[in-house]
Each structure stands twice: as C-alpha cells, then as structure tokens.
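Chemist: So here's query-v8.txt, just compact mmCIF, C-alpha atoms and all ligand atoms:
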```
# COMPACT_ATOMS: atom_id res chain seq x y z
CA MET I 1 81.91 15.73 -198.92
CA GLN I 2 80.49 19.25 -198.62
CA PHE I 3 82.99 21.38 -196.74
CA ALA I 4 83.06 25.15 -196.22
CA GLY I 5 81.11 25.69 -199.44
CA TYR I 6 83.20 23.29 -201.53
CA THR I 7 82.50 19.79 -202.77
CA LEU I 8 85.50 17.66 -201.85
CA ARG I 9 86.44 14.28 -203.35
CA ASN I 10 86.31 12.69 -199.88
CA ASN I 11 86.72 13.36 -196.16
CA LEU I 12 90.44 12.54 -195.93
CA PHE I 13 92.51 15.62 -195.16
CA VAL I 14 96.26 16.22 -195.03
CA ALA I 15 97.18 17.86 -191.70
CA PRO I 16 99.13 21.11 -191.86
CA MET I 17 102.81 20.42 -191.13
CA ALA I 18 105.37 23.21 -191.17
CA GLY I 19 108.33 22.16 -193.28
CA VAL I 20 106.35 19.32 -194.87
CA THR I 21 103.04 20.36 -196.43
CA ASP I 22 104.49 22.65 -199.06
CA ARG I 23 102.77 22.95 -202.42
CA PRO I 24 104.53 19.93 -204.02
CA PHE I 25 103.55 17.66 -201.11
CA ARG I 26 99.97 18.93 -200.99
CA GLN I 27 99.60 18.40 -204.74
CA LEU I 28 100.99 14.90 -204.51
CA CYS I 29 98.67 13.94 -201.64
CA LYS I 30 95.69 15.35 -203.53
CA ARG I 31 96.68 13.36 -206.62
CA MET I 32 96.96 10.26 -204.41
CA GLY I 33 93.44 10.69 -203.04
CA ALA I 34 93.36 13.36 -200.30
CA GLY I 35 90.19 15.48 -200.35
CA LEU I 36 91.87 18.54 -198.83
CA ALA I 37 95.40 19.54 -197.85
CA VAL I 38 96.04 22.44 -195.48
CA SER I 39 99.16 24.53 -196.11
CA GLU I 40 102.07 24.98 -193.76
CA MET I 41 101.28 27.78 -191.36
CA VAL I 42 102.04 31.29 -192.53
CA THR I 43 103.05 33.74 -189.85
CA SER I 44 100.79 36.69 -189.20
CA ASN I 45 103.81 38.89 -188.63
CA SER I 46 103.50 41.12 -191.66
CA LEU I 47 107.12 42.21 -191.33
CA LEU I 48 108.02 38.80 -192.66
CA TYR I 49 105.86 38.97 -195.74
CA GLY I 50 108.85 39.91 -197.81
CA SER I 51 110.83 36.79 -196.88
CA ALA I 52 111.39 34.14 -199.52
CA LYS I 53 109.90 31.54 -197.19
CA THR I 54 106.66 33.42 -196.63
CA LYS I 55 106.35 34.21 -200.34
CA ARG I 56 106.83 30.55 -201.17
CA ARG I 57 104.22 29.53 -198.63
CA ALA I 58 101.76 31.90 -200.29
CA ASN I 59 102.41 30.48 -203.77
CA HIS I 60 99.46 28.35 -204.89
CA GLU I 61 100.01 28.35 -208.66
CA GLY I 62 98.38 25.34 -210.24
CA GLU I 63 97.20 23.92 -206.91
CA VAL I 64 94.19 21.62 -206.89
CA GLN I 65 91.31 23.60 -205.35
CA PRO I 66 90.20 24.47 -202.77
CA VAL I 67 93.36 26.06 -201.44
CA SER I 68 93.38 26.10 -197.63
CA VAL I 69 96.01 28.28 -196.00
CA GLN I 70 96.79 28.17 -192.31
CA ILE I 71 97.71 31.32 -190.42
CA ALA I 72 99.17 31.60 -186.93
CA GLY I 73 99.50 34.46 -184.49
CA ALA I 74 98.03 36.00 -181.37
CA ASP I 75 97.16 39.54 -182.34
CA PRO I 76 93.62 39.88 -183.75
CA ALA I 77 94.46 42.82 -186.04
CA MET I 78 97.56 41.12 -187.41
CA MET I 79 95.67 37.87 -187.91
CA ALA I 80 92.96 39.75 -189.80
CA GLN I 81 95.63 41.35 -191.99
CA ALA I 82 97.29 37.97 -192.58
CA ALA I 83 93.94 36.50 -193.61
CA ARG I 84 93.35 39.29 -196.13
CA TYR I 85 96.90 38.96 -197.48
CA ASN I 86 96.53 35.23 -198.03
CA VAL I 87 93.11 35.55 -199.63
CA ASP I 88 94.69 38.06 -202.05
CA GLN I 89 97.36 35.44 -202.78
CA GLY I 90 94.76 32.80 -203.65
CA ALA I 91 93.62 31.22 -200.36
CA GLN I 92 90.05 29.94 -200.69
CA ILE I 93 89.82 28.77 -197.09
CA ILE I 94 91.66 30.33 -194.15
CA ASP I 95 92.56 27.91 -191.35
CA ILE I 96 93.61 29.27 -187.95
CA ASN I 97 96.28 27.38 -186.03
CA MET I 98 95.51 26.91 -182.34
CA GLY I 99 96.78 23.36 -182.42
CA CYS I 100 100.52 23.52 -182.76
CA PRO I 101 102.70 23.28 -179.66
CA ALA I 102 105.93 24.22 -181.43
CA LYS I 103 108.12 26.46 -179.26
CA LYS I 104 108.50 29.11 -181.91
CA VAL I 105 104.74 29.52 -181.97
CA CYS I 106 104.01 29.13 -178.26
CA ASN I 107 106.69 31.56 -177.14
CA VAL I 108 104.81 34.33 -178.79
CA MET I 109 101.58 32.95 -177.39
CA ALA I 110 100.09 31.50 -180.52
CA GLY I 111 99.26 28.01 -181.69
CA SER I 112 97.83 25.86 -178.90
CA ALA I 113 99.04 28.27 -176.17
CA LEU I 114 96.13 30.50 -177.11
CA LEU I 115 93.66 27.94 -175.81
CA GLN I 116 94.42 29.28 -172.32
CA ASP I 117 92.85 32.63 -173.08
CA GLU I 118 89.30 32.09 -174.33
CA ALA I 119 88.49 35.81 -174.56
CA LEU I 120 91.47 36.31 -176.86
CA VAL I 121 90.44 33.25 -178.91
CA GLY I 122 87.07 34.91 -179.45
CA ARG I 123 88.64 38.22 -180.50
CA ILE I 124 90.98 36.51 -182.98
CA LEU I 125 88.22 34.40 -184.52
CA ASP I 126 85.86 37.38 -184.83
CA ALA I 127 88.57 39.51 -186.43
CA VAL I 128 89.60 36.88 -188.97
CA VAL I 129 86.05 35.91 -189.94
CA ARG I 130 85.20 39.60 -190.42
CA ALA I 131 88.35 40.26 -192.47
CA ALA I 132 88.35 37.23 -194.75
CA ASP I 133 85.69 37.03 -197.43
CA VAL I 134 86.28 33.25 -197.63
CA PRO I 135 85.30 30.48 -195.17
CA VAL I 136 87.43 30.28 -192.03
CA THR I 137 88.22 27.01 -190.22
CA LEU I 138 90.01 26.38 -186.93
CA LYS I 139 92.44 23.73 -185.70
CA ILE I 140 92.84 23.10 -181.98
CA ARG I 141 94.07 20.57 -179.46
CA THR I 142 91.69 19.25 -176.80
CA GLY I 143 92.89 21.84 -174.34
CA TRP I 144 95.82 23.39 -172.57
CA ASP I 145 96.63 20.46 -170.31
CA LYS I 146 94.78 17.47 -168.89
CA ALA I 147 93.17 19.61 -166.19
CA HIS I 148 92.05 22.19 -168.75
CA ARG I 149 90.41 20.40 -171.63
CA ASN I 150 88.34 23.26 -173.00
CA ALA I 151 87.67 22.01 -176.52
CA LEU I 152 83.91 22.26 -175.91
CA SER I 153 84.07 25.93 -174.88
CA ILE I 154 86.30 26.67 -177.86
CA LEU I 155 83.74 24.95 -180.09
CA LYS I 156 81.01 27.30 -178.82
CA ILE I 157 83.23 30.36 -179.30
CA ALA I 158 84.12 29.16 -182.79
CA GLU I 159 80.50 28.57 -183.76
CA SER I 160 79.37 31.97 -182.59
CA ALA I 161 82.24 33.61 -184.48
CA GLY I 162 81.13 31.95 -187.73
CA ILE I 163 83.94 29.38 -188.00
CA ARG I 164 82.91 26.80 -190.63
CA ALA I 165 84.72 23.66 -189.37
CA LEU I 166 86.82 22.54 -186.42
CA ALA I 167 89.78 20.14 -186.58
CA VAL I 168 90.68 18.61 -183.22
CA HIS I 169 94.03 16.97 -182.53
CA GLY I 170 93.20 14.56 -179.71
CA ARG I 171 95.88 15.74 -177.31
CA THR I 172 96.31 18.63 -174.93
CA ARG I 173 99.06 21.12 -175.58
CA ALA I 174 101.00 19.76 -172.60
CA CYS I 175 100.86 16.23 -174.03
CA GLY I 176 103.05 17.17 -176.98
CA TYR I 177 103.00 14.03 -179.08
CA SER I 178 103.08 11.51 -176.22
CA GLY I 179 100.41 8.95 -175.37
CA GLU I 180 97.60 7.83 -177.62
CA ALA I 181 95.32 10.49 -179.02
CA GLU I 182 92.09 10.70 -176.95
CA TYR I 183 89.23 10.22 -179.33
CA ASP I 184 86.55 10.43 -176.63
CA THR I 185 87.08 14.20 -176.33
CA ILE I 186 86.71 14.48 -180.09
CA ALA I 187 83.49 12.45 -179.84
CA ALA I 188 82.21 14.84 -177.14
CA VAL I 189 82.99 17.83 -179.36
CA LYS I 190 81.27 16.23 -182.34
CA ALA I 191 78.19 15.44 -180.26
CA GLU I 192 77.75 19.14 -179.46
CA ALA I 193 78.86 20.58 -182.80
CA ARG I 194 76.73 22.27 -185.43
CA ILE I 195 79.76 22.59 -187.73
CA PRO I 196 81.82 19.74 -189.29
CA VAL I 197 84.41 18.23 -186.94
CA ILE I 198 87.65 16.74 -188.21
CA ALA I 199 89.39 14.11 -186.06
CA ASN I 200 93.18 14.18 -185.94
CA GLY I 201 95.97 12.34 -184.16
CA ASP I 202 97.76 9.01 -184.63
CA ILE I 203 95.76 7.91 -187.64
CA THR I 204 98.08 5.55 -189.47
CA SER I 205 96.07 3.02 -191.49
CA PRO I 206 92.77 2.51 -193.33
CA GLU I 207 91.44 0.39 -190.45
CA LYS I 208 92.32 3.11 -187.96
CA VAL I 209 90.43 5.70 -190.03
CA LYS I 210 87.34 3.53 -189.84
CA ARG I 211 87.74 3.02 -186.10
CA VAL I 212 88.23 6.74 -185.47
CA LEU I 213 85.27 7.75 -187.66
CA ASP I 214 83.08 5.17 -185.89
CA ALA I 215 84.29 6.14 -182.41
CA THR I 216 84.07 9.89 -182.81
CA GLY I 217 81.29 10.37 -185.36
CA ALA I 218 83.60 12.95 -186.92
CA ASP I 219 82.85 14.22 -190.40
CA ALA I 220 86.42 13.83 -191.63
CA VAL I 221 89.87 12.74 -190.56
CA MET I 222 93.13 14.60 -190.84
CA ILE I 223 96.40 12.71 -191.29
CA GLY I 224 99.85 14.14 -190.63
CA ARG I 225 102.90 12.04 -189.89
CA ALA I 226 101.57 8.84 -191.47
CA ALA I 227 101.51 10.60 -194.85
CA GLN I 228 105.19 11.54 -194.67
CA GLY I 229 106.89 9.43 -197.35
CA ARG I 230 103.60 7.58 -197.84
CA PRO I 231 101.30 9.89 -199.82
CA TRP I 232 99.56 6.79 -201.23
CA ILE I 233 97.99 6.25 -197.80
CA PHE I 234 95.05 8.38 -199.01
CA ARG I 235 94.43 6.05 -201.95
CA GLU I 236 94.57 3.07 -199.60
CA ILE I 237 92.09 4.63 -197.16
CA GLU I 238 89.72 5.81 -199.88
CA HIS I 239 89.62 2.28 -201.33
CA PHE I 240 89.15 0.63 -197.94
CA LEU I 241 86.29 2.93 -196.93
CA ALA I 242 84.56 2.36 -200.27
CA THR I 243 84.99 -1.42 -200.53
CA GLY I 244 86.01 -2.79 -197.09
CA GLU I 245 89.05 -4.29 -198.82
CA LYS I 246 92.71 -3.37 -198.61
CA LEU I 247 94.64 -2.40 -201.71
CA PRO I 248 97.90 -4.26 -202.21
CA ALA I 249 100.88 -2.18 -201.04
CA PRO I 250 102.59 -0.25 -203.83
CA ARG I 251 105.49 -1.92 -205.58
CA VAL I 252 109.00 -0.57 -205.31
CA GLU I 253 108.97 0.55 -208.92
CA GLU I 254 105.88 2.68 -208.33
CA ILE I 255 107.36 4.27 -205.22
CA HIS I 256 110.54 5.02 -207.15
CA GLN I 257 108.55 6.81 -209.86
CA LEU I 258 106.41 8.68 -207.32
CA LEU I 259 109.49 9.86 -205.46
CA ARG I 260 111.12 10.87 -208.78
CA GLY I 261 108.06 12.99 -209.59
CA HIS I 262 108.00 14.48 -206.09
CA LEU I 263 111.69 15.40 -206.32
CA ALA I 264 111.24 17.07 -209.72
CA GLU I 265 108.51 19.26 -208.20
CA LEU I 266 110.63 20.10 -205.15
CA TYR I 267 113.61 21.16 -207.31
CA ASP I 268 111.31 23.25 -209.46
CA PHE I 269 109.52 24.87 -206.49
CA TYR I 270 112.55 25.62 -204.29
CA GLY I 271 115.37 25.90 -206.86
CA ALA I 272 118.39 23.59 -206.91
CA GLU I 273 120.12 24.42 -203.64
CA THR I 274 117.15 24.58 -201.27
CA GLY I 275 115.39 21.87 -203.27
CA VAL I 276 118.16 19.34 -202.63
CA ARG I 277 118.09 20.20 -198.92
CA VAL I 278 114.29 19.97 -198.55
CA ALA I 279 114.26 16.74 -200.59
CA ARG I 280 116.53 14.93 -198.11
CA LYS I 281 113.87 14.53 -195.44
CA HIS I 282 111.29 13.31 -197.94
CA ILE I 283 113.74 10.77 -199.42
CA SER I 284 114.47 9.59 -195.87
CA TRP I 285 110.75 9.11 -195.17
CA TYR I 286 110.13 7.21 -198.40
CA THR I 287 112.98 4.80 -197.61
CA ARG I 288 112.31 4.40 -193.86
CA GLY I 289 112.48 0.78 -192.78
CA LEU I 290 113.79 -0.56 -196.09
CA ALA I 291 116.79 -2.89 -196.26
CA GLY I 292 120.04 -0.92 -196.42
CA SER I 293 118.28 2.40 -196.06
CA ALA I 294 120.19 3.70 -193.01
CA HIS I 295 123.47 3.52 -194.89
CA PHE I 296 121.84 4.98 -198.00
CA ARG I 297 120.35 7.92 -196.06
CA HIS I 298 123.64 8.74 -194.39
CA ALA I 299 125.42 8.88 -197.75
CA MET I 300 122.55 10.65 -199.52
CA ASN I 301 122.45 13.42 -196.91
CA GLN I 302 125.98 14.48 -197.88
CA LEU I 303 125.23 14.87 -201.60
CA PRO I 304 125.06 18.53 -202.65
CA THR I 305 123.59 18.49 -206.16
CA ILE I 306 120.41 17.42 -207.92
CA GLY I 307 122.37 15.09 -210.21
CA ALA I 308 124.09 13.29 -207.34
CA GLN I 309 120.89 13.06 -205.29
CA LEU I 310 118.89 11.59 -208.17
CA ALA I 311 121.65 9.13 -209.06
CA ALA I 312 121.75 7.90 -205.45
CA VAL I 313 117.96 7.52 -205.30
CA ASP I 314 117.93 5.63 -208.61
CA ALA I 315 120.73 3.32 -207.52
CA PHE I 316 118.99 2.58 -204.20
CA PHE I 317 115.60 1.76 -205.72
CA LEU I 318 116.98 -0.16 -208.71
CA GLY I 319 119.08 -2.16 -206.26
CA LEU I 320 115.95 -3.02 -204.26
CA ALA I 321 113.95 -3.95 -207.32
CA ALA I 322 116.76 -6.15 -208.61
CA GLN I 323 116.84 -8.29 -205.50
CA ASN I 324 114.64 -10.80 -207.22
CA ASP I 325 113.16 -11.47 -210.61
CA ARG I 326 109.91 -9.79 -209.67
CA LEU I 327 109.01 -6.44 -208.15
CA TYR I 328 108.58 -6.40 -204.43
CA THR I 329 105.97 -4.42 -202.60
CA ILE I 330 107.26 -1.86 -200.18
CA GLU I 331 105.80 -3.84 -197.27
CA GLU I 332 107.61 -7.05 -198.21
CA LEU I 333 110.91 -5.20 -198.29
CA ALA I 334 110.28 -3.52 -194.95
CA ALA I 335 109.50 -6.85 -193.29
C1 LIG Z 401 106.60 18.27 -188.62
C2 LIG Z 401 105.26 18.74 -188.12
C3 LIG Z 401 104.86 20.05 -188.33
C4 LIG Z 401 103.61 20.50 -187.90
N1 LIG Z 401 103.23 21.77 -188.18
C5 LIG Z 401 101.95 22.17 -187.87
C6 LIG Z 401 101.47 23.44 -188.29
O1 LIG Z 401 102.16 24.20 -188.96
N2 LIG Z 401 100.20 23.76 -187.94
C7 LIG Z 401 99.40 22.94 -187.21
O2 LIG Z 401 98.25 23.29 -186.91
N3 LIG Z 401 99.84 21.73 -186.80
C8 LIG Z 401 101.08 21.32 -187.13
N4 LIG Z 401 101.49 20.06 -186.77
C9 LIG Z 401 100.55 19.15 -186.10
C10 LIG Z 401 99.81 18.28 -187.13
O3 LIG Z 401 98.97 19.06 -187.96
C11 LIG Z 401 98.94 17.21 -186.44
O4 LIG Z 401 97.98 17.86 -185.64
C12 LIG Z 401 99.75 16.27 -185.56
O5 LIG Z 401 100.93 15.84 -186.21
C13 LIG Z 401 98.91 15.03 -185.16
O6 LIG Z 401 98.51 14.32 -186.30
P1 LIG Z 401 99.26 12.95 -186.77
O7 LIG Z 401 99.27 12.04 -185.59
O8 LIG Z 401 98.43 12.44 -187.91
O9 LIG Z 401 100.65 13.35 -187.18
C14 LIG Z 401 102.74 19.62 -187.18
C15 LIG Z 401 103.16 18.30 -186.95
C16 LIG Z 401 104.39 17.85 -187.41
C17 LIG Z 401 104.80 16.40 -187.17
```
Starting from the file, lay out its structure as structure tokens.

Modeler:
Amino acid sequence: MQFAGYTLRNNLFVAPMAGVTDRPFRQLCKRMGAGLAVSEMVTSNSLLYGSAKTKRRANHEGEVQPVSVQIAGADPAMMAQAARYNVDQGAQIIDINMGCPAKKVCNVMAGSALLQDEALVGRILDAVVRAADVPVTLKIRTGWDKAHRNALSILKIAESAGIRALAVHGRTRACGYSGEAEYDTIAAVKAEARIPVIANGDITSPEKVKRVLDATGADAVMIGRAAQGRPWIFREIEHFLATGEKLPAPRVEEIHQLLRGHLAELYDFYGAETGVRVARKHISWYTRGLAGSAHFRHAMNQLPTIGAQLAAVDAFFLGLAAQNDRLYTIEELAA
C-alpha cells in the first residue's frame, strides 16, 4: 500500500496504545505482518522531554521503517515544537491524536476533546503540518457525542491543512469503548475523502477485517486491543485477505517462543526493574483464557526478577504443551 509517501507491506496497522505500543511491541507486530505501527502518544509538553518515559518513547533505534510517532496536546505552538522534536528523534510520520478519550488527555483539552473546537483543530493541524518536514496524519473519533458527530467537518479541515491520512475510531468521545463501533460514519467519511481513510474499532478477526473494509471502503484498518497478546493476528489477516483461507492457530510452542523473544526485548528496552513490571501485562494477555492461567497470572504478578518471571513463564507453557503427546494450538487450549 502507498501511504504518506511510503510503500507499506500491507494495509494492516497497529493502533497507537499508550502503555502498549512501545518499540518492542511495534517491532514484533511488524515482524508478524503489520504494515505500520503507530507509537504510543508523546506529550507535547516540552517540560517533560527530559523524563525517562518521554525519552524512551522517542527511541526508534533499529525500528522497521516508516516510524510513525503520535503526538498529543492542545496548544498549536507546543504541538509544532513536539512535531519538530520527534522528527529530530527519527519520526518519519507524525500522527496527531484527537481520538483518545483518556482522562489525562481530555482534562487538558486534548485527544478527542479537541473535536469540540473545530477552529482550534484547524490551528493545530496547520501549525504541525507547517512545522514538520515529514507527512502528518490524524486520528479522530466520529465526534464529540452522538449529537455532534463532526467527523466530516474534521475531514475537510484536515484535507485543507495538508493532512495525509485520517484514522477514524468508529465511536464518539462520549461512547468511550461501549457499544459496537459505527462503521457507517467511517463509510461516510471515506466517501467524501481525498486522502486515505483508516477504519478502527472492534476489529478482532480476519473475517471482521474483510467485513469492515467492504462496509466502509476504507483504505486500511487499524487494530488495537485484539493485537494485545496476539501479535500474530496480523499474519492471520494478511493470509486471509490474500487467499480467503484461515491459517491454523499458532501452537503453544510457537507462542512460548514468541513471548520469550518479546520478553527479552522488553527487558533490554526498559532495563530489569521496569522491564519485569511492563512484561506482566503482556504475559497476562498472551495467557488470557488458557487453562490454569488465572492462578498463573496471580502468582506471576508477584515475581520481582527477570529470572523468576522467565522460569514461571517457561513452567506454564511447558506444562500446557505436556498435556498431551502432541502440541496443542492456542485455540484448542482456550476452548
Ligand atoms: C490501552 C489503550 C491505550 C490507548 N492509547 C491511545 C493513544 O495513546 N492514542 C490514541 O490515539 N488512541 C489510543 N487508544 C485507542 C486505540 O488507538 C483505538 O482507537 C481503540 O482501542 C479502538 O480500537 P480497537 O477496538 O481495535 O482496540 C488506546 C486504547 C487502549 C485500549
């Protein structure tokens, strides 16, 4: 797919998720078939640039290109500065977050709260496009609430500012994560758009990707929660879209090795102490729904060191694989 001046492997994108889409997770998803992975959002508050967290979020060493970095904030000048800073740190695409309803973001009137103020949206987009000498993309929800679905006006503002692509999460800000994503609004946006539109929200399987692409006409899909602990979902979707056939689910042994590799990258990226902490949620996602996993997760969450965490993961997965004389698929064990 051609996207913002880059040729991507496909039109399957990893949605930006704060606390999840760090560099190790983005790399893993790209290796498993994602065409693009957007970073966790980086605050536009320059006072925080010195923090370890912000520095880590701006670290793209060795990342599969193109590197797309999301910025969030409500002040046009600060957003422009944040864009320049991240381009200097290696961002090849700047993505603007007007799609996240998280309190921390909305309290300072950023993320999806901005959709209320279209004039301000225009000023932010103009300032960032002017400041960044790389393509700029935008992520929005369908509107502020059900009575104010202004995705179409935002599309027009975005196009006239020179935004190169628009990702739409099919919910209003007020909807949080409840209800089914409304794909008809995304279809309406796509019908009017001169820039690529990316459909997002509740996409959980290869079949659903096909249904959403057919229903919306979108150029790409963006997947968030369904990729947590399941980075191979991109491989499954890519195969299904190419052949119409479903790949067999991965076997426990493969998942064990994938998780092992993911953990090694987390420890390396964050250091031992933070790495063990960050790894806990990923381990929990990988083992969700598996026999005995609730007890395992409870025990694993108490373990303070890399050695203890790895030993527990190994014991859990080897125990699963030993349940029979053949290797199970993850789906059989979850059944
Ligand atoms: C843990 C978490 C963190 C998120 N952080 C961000 C963020 O930093 N920026 C953003 O634009 N959206 C963020 N989102 C929203 C997702 O990008 C996506 O729009 C939403 O989860 C719907 O897609 P899904 O149904 O595939 O998960 C976040 C979602 C989750 C679950």

Chemist: Can I get the residues close to ligand LIG 401 (chain Z) as JSON, numbers by chain, where close means within 7 Å and we count only C-alpha atoms and all ligand atoms?

Modeler: {"I": [15, 16, 17, 18, 19, 20, 40, 41, 97, 98, 99, 100, 139, 169, 200, 201, 202, 203, 222, 223, 224, 225, 226]}

Chemist: Would you pick out the contacts of segment 258-265 of chain I at 8 Å or less, using only C-alpha atoms, so that residues sharing its chain but fewer than 5 positions from it are not included, and give the list as a PyMOL selection string?

Modeler: chain I and resi 24-25+28+279+283+286+310

Chemist: Closest to Arg141 of chain I among I:Ser178, I:Thr185, I:Gln70, I:Asn11, using all atoms listed in the file?

Modeler: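 Closest candidate: I:Thr185.
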
Chemist: Just the residues within 8 Å of Pro206 of chain I, please, counting all atoms listed in the file, with nothing from its chain fewer than 4 positions along; format it as a count of residues only.

Modeler: 8

Chemist: As an exercise, work out the distance from atom CA of Cys29 of chain I to atom CA of Ala167 of chain I in Å and give it to one decimal place.

Modeler: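 A separation of 18.6 Å between them.
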
Chemist: Excluding Ile154 of chain I and its own-chain neighbours fewer than 6 positions away, which residues fall within 9 Å of it when counting all atoms listed in the file? Please give them as a short mmCIF file (atom, residue, chain, number, x, y, z; two decimals) with C-alpha atoms, keeping the file's coordinate frame.

Modeler:
```
data_model
loop_
_atom_site.label_atom_id
_atom_site.label_comp_id
_atom_site.auth_asym_id
_atom_site.auth_seq_id
_atom_site.Cartn_x
_atom_site.Cartn_y
_atom_site.Cartn_z
CA LEU I 115 93.66 27.94 -175.81
CA GLU I 118 89.30 32.09 -174.33
CA VAL I 121 90.44 33.25 -178.91
CA GLY I 122 87.07 34.91 -179.45
CA ILE I 140 92.84 23.10 -181.98
CA GLY I 143 92.89 21.84 -174.34
#
```

Chemist: List as a Markdown table every residue of segment 74-175 of chain I that is in contact with segment 194-199 of chain I, defined as an atom at most 12 Å from one of its atoms (using all atoms listed in the file), together with the nearest atom pair and the distance in Å rounded to one decimal, sorted by chain and then rising number.

Modeler:
```
| residue | atom | partner | partner_atom | distance |
| --- | --- | --- | --- | --- |
| I:Val136 | CA | I:Ile195 | CA | 11.7 |
| I:Thr137 | CA | I:Pro196 | CA | 9.7 |
| I:Leu138 | CA | I:Val197 | CA | 9.9 |
| I:Lys139 | CA | I:Ile198 | CA | 8.8 |
| I:Ile140 | CA | I:Ile198 | CA | 10.3 |
| I:Arg141 | CA | I:Ala199 | CA | 10.4 |
| I:Thr142 | CA | I:Ala199 | CA | 10.8 |
| I:Ala151 | CA | I:Val197 | CA | 11.6 |
| I:Leu152 | CA | I:Val197 | CA | 11.8 |
| I:Leu155 | CA | I:Ile195 | CA | 8.9 |
| I:Lys156 | CA | I:Arg194 | CA | 9.3 |
| I:Ile157 | CA | I:Ile195 | CA | 12.0 |
| I:Ala158 | CA | I:Ile195 | CA | 9.3 |
| I:Glu159 | CA | I:Ile195 | CA | 7.2 |
| I:Ser160 | CA | I:Arg194 | CA | 10.4 |
| I:Ala161 | CA | I:Ile195 | CA | 11.8 |
| I:Gly162 | CA | I:Ile195 | CA | 9.5 |
| I:Ile163 | CA | I:Ile195 | CA | 8.0 |
| I:Arg164 | CA | I:Ile195 | CA | 6.0 |
| I:Ala165 | CA | I:Pro196 | CA | 4.9 |
| I:Leu166 | CA | I:Val197 | CA | 5.0 |
| I:Ala167 | CA | I:Ile198 | CA | 4.3 |
| I:Val168 | CA | I:Ala199 | CA | 5.5 |
| I:His169 | CA | I:Ala199 | CA | 6.5 |
| I:Gly170 | CA | I:Ala199 | CA | 7.4 |
| I:Arg171 | CA | I:Ala199 | CA | 11.0 |
```

Chemist: Please produce a file of the residues just selected, as a compact mmCIF listing (two decimals), in the frame of the given file, where the atoms kept are C-alpha atoms.

Modeler:
```
# COMPACT_ATOMS: atom_id res chain seq x y z
CA VAL I 136 87.43 30.28 -192.03
CA THR I 137 88.22 27.01 -190.22
CA LEU I 138 90.01 26.38 -186.93
CA LYS I 139 92.44 23.73 -185.70
CA ILE I 140 92.84 23.10 -181.98
CA ARG I 141 94.07 20.57 -179.46
CA THR I 142 91.69 19.25 -176.80
CA ALA I 151 87.67 22.01 -176.52
CA LEU I 152 83.91 22.26 -175.91
CA LEU I 155 83.74 24.95 -180.09
CA LYS I 156 81.01 27.30 -178.82
CA ILE I 157 83.23 30.36 -179.30
CA ALA I 158 84.12 29.16 -182.79
CA GLU I 159 80.50 28.57 -183.76
CA SER I 160 79.37 31.97 -182.59
CA ALA I 161 82.24 33.61 -184.48
CA GLY I 162 81.13 31.95 -187.73
CA ILE I 163 83.94 29.38 -188.00
CA ARG I 164 82.91 26.80 -190.63
CA ALA I 165 84.72 23.66 -189.37
CA LEU I 166 86.82 22.54 -186.42
CA ALA I 167 89.78 20.14 -186.58
CA VAL I 168 90.68 18.61 -183.22
CA HIS I 169 94.03 16.97 -182.53
CA GLY I 170 93.20 14.56 -179.71
CA ARG I 171 95.88 15.74 -177.31
```

Chemist: What is the distance between atom CA of Pro304 of chain I and atom CA of Asp268 of chain I, in Å to one decimal?

Modeler: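 Between these atoms lies a distance of 16.1 Å.
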
Chemist: As an exercise, work out the distance from atom CA of Lys55 of chain I to atom CA of Leu36 of chain I in Å and give it to one decimal place.

Modeler: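 Interatomic distance here is 21.4 Å.
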
Chemist: Check the smallest atom-to-atom distance from each of I:Asp314, I:Asp133, I:Glu245, I:Glu254 to Glu207 of chain I using only C-alpha atoms, then report the winner.

Modeler: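 Under the stated criterion, the closest residue is I:Glu245.
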
Chemist: Write out as a list in words the residues lying within 6 Å of Pro76 of chain I, counting only C-alpha atoms and excluding same-chain residues fewer than 3 positions away.

Modeler: Met79, Ile124 and Ala127 of chain I

Chemist: Residues proximal to (116.5, 21.9, -203.5) were defined as those with any atom within 12 Å of that point in the file's coordinates, counting all atoms listed in the file. Which are they, as number ranges by chain?

Modeler: I: 262-282, 303-307, 309-310

Chemist: Just checking: using only C-alpha atoms, which residue out of I:Arg251, I:Gln116, I:Asp126, I:Arg211 ends up closest to Thr172 of chain I?

Modeler: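 Selected residue with least distance to Thr172 of chain I: I:Gln116.
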
Chemist: Considering all atoms listed in the file, can you say which of I:Ala147, I:Ala113, I:Val38, I:Met78 comes closest to Ile93 of chain I?

Modeler: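 Answer, going by the shortest atom-to-atom distance: I:Val38.
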
Chemist: Counting all atoms listed in the file, which residue out of I:Lys146, I:Ser153, I:Val87, I:Thr21 sits closest to Asp117 of chain I?

Modeler: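 With all atoms listed in the file as the atom set, the closest residue is I:Ser153.
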